[in-house]
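Chemist: Before we start, here is the structure in question, set down as structure tokens.
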Amino acid sequence: MPELLLSIYFSYKNALIAKAKGLNTIIWVFLTLLAFLAGEFIAIAMVIGLFYRGPFNQTAVLEYLFTHPIHVIFIYFTAIGGCLLIRYILEKSQSTLPPKVEETEEESEQENYN
């Protein structure tokens with residue numbers, strides 16, 4: 001359940017950044033979800049490969065994860081890291097919107113007189 005809420009939150013935040021830059025929000029939401037899942041799978045593979053010593057069946061692995069909550073926290077943080085990587089890439093990307101032209105005081109005063 002927490003991973004669903006985390007993925008929705010980070011997808012929404014990245015969609016807002018993409019919209020502000022004039023980029024396709026659906027693509028960036030999809031990339032955020034993909035990075036979240038990739039981060040989770042990489043962390044799960046690391047935890048099982050480095051720390052788990054037991055039979056490789058679903059119940060035994062889940063029991064191991066429930067008895068070692070620090071590994072679950074590591075998995076969540078790695079998934080969040082995937083979302084933050086997408087946010088970093090998004091913030092560094094160029095905007096497709098035309099740049100805003102700031103008016104000088106003289107131009108705004110001339111418009112007021114007309």
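Chain labels follow the order of the structure tokens: the first chain is A, the next B, and so on; residue numbering restarts at 1 in every chain, and ligands are counted from 1 in their shown order.
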Counting only C-alpha atoms, what is within 10 Å of segment 64-73 of chain A, bar same-chain residues fewer than 6 positions away, as a compact mmCIF listing (two decimals) with C-alpha atoms, in the first residue's frame?

Modeler:
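Everything below was put into part.txt:
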```txt
# COMPACT_ATOMS: atom_id res chain seq x y z
CA GLU A 40 12.01 -1.61 -6.28
CA ALA A 43 16.53 -3.32 -4.41
CA ILE A 44 14.62 -6.59 -3.99
CA MET A 46 20.01 -6.84 -3.96
CA VAL A 47 18.36 -7.78 -0.66
CA ILE A 48 17.66 -11.35 -1.75
CA PHE A 51 21.26 -11.09 2.65
CA TYR A 52 18.74 -13.88 2.16
CA ARG A 53 19.96 -17.40 2.88
CA GLY A 54 17.07 -19.79 2.67
CA GLN A 58 7.42 -16.95 -2.10
CA ALA A 79 12.26 3.14 -5.37
```

Chemist: Which residues, written as a short mmCIF file (atom, residue, chain, number, x, y, z; two decimals) with N, CA and C atoms, in the first residue's frame, have at least one atom at most 9 Å from Leu84 of chain A, with only C-alpha atoms counted and residues fewer than 5 positions away on the same chain left out?

Modeler:
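Saved to result_6.cif:
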```cif
data_model
loop_
_atom_site.label_atom_id
_atom_site.label_comp_id
_atom_site.auth_asym_id
_atom_site.auth_seq_id
_atom_site.Cartn_x
_atom_site.Cartn_y
_atom_site.Cartn_z
N PHE A 10 4.78 10.86 -6.38
CA PHE A 10 5.90 11.30 -7.20
C PHE A 10 5.51 11.45 -8.67
N THR A 32 8.17 7.92 -14.61
CA THR A 32 8.28 7.93 -13.15
C THR A 32 7.84 6.59 -12.55
N ALA A 35 10.49 4.01 -13.38
CA ALA A 35 11.68 4.15 -12.54
C ALA A 35 11.40 3.69 -11.11
N ALA A 79 13.33 2.80 -4.43
CA ALA A 79 12.26 3.14 -5.37
C ALA A 79 12.06 4.66 -5.44
N ILE A 89 16.21 14.50 -14.12
CA ILE A 89 16.28 14.56 -15.58
C ILE A 89 15.25 15.55 -16.12
#
```

Chemist: Ranking A:Ile42, A:Ile27, A:Leu50, A:Leu37 by minimum distance to Glu3 of chain A and counting only C-alpha atoms, which one comes first?

Modeler: A:Leu37

Chemist: Enter the distance from atom CA of Val61 of chain A to atom CA of Phe74 of chain A, in Å, rounded to one decimal.

Modeler: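 About the pair atom CA of Val61 of chain A and atom CA of Phe74 of chain A: they are 15.6 Å apart.
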
Chemist: Can you work out which one of A:Val29, A:Cys83, A:Leu5, A:Ala20 has the shortest atom-to-atom distance to Ser95 of chain A, counting only C-alpha atoms?

Modeler: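 Smallest distance to Ser95 of chain A is found for A:Ala20.
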
Chemist: Pick out the closest residue to Ala38 of chain A from this set: A:Ile86, A:Ile26, A:Ala15, A:Met1. Count only C-alpha atoms.

Modeler: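 Once distances to Ala38 of chain A are computed over only C-alpha atoms, the minimum belongs to A:Ile86.
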
Chemist: For atom CA of Pro2 of chain A and atom CA of Lys92 of chain A, quote the distance in Å rounded to one decimal.

Modeler: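 Rounded to one decimal, the two atoms are 28.3 Å apart.
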
Chemist: Looking only at the backbone, which of the residues in chain A does DSSP tag as helix (DSSP H, G or I), as a PyMOL selection string?

Modeler: chain A and resi 2-21+25-50+58-67+69-92+105-113

Chemist: Hey, which of A:Lys13, A:Phe41, A:Leu62, A:Gly81 ends up closest to Trp28 of chain A? Count only C-alpha atoms.

Modeler: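 Between A:Lys13, A:Phe41, A:Leu62, A:Gly81, the residue approaching Trp28 of chain A most closely is A:Lys13.
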
Chemist: Could you please determine the separation between atom CA of Thr78 of chain A and atom CA of Gln94 of chain A in Å, to one decimal place?

Modeler: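 Here the two named atoms are 26.6 Å from each other.
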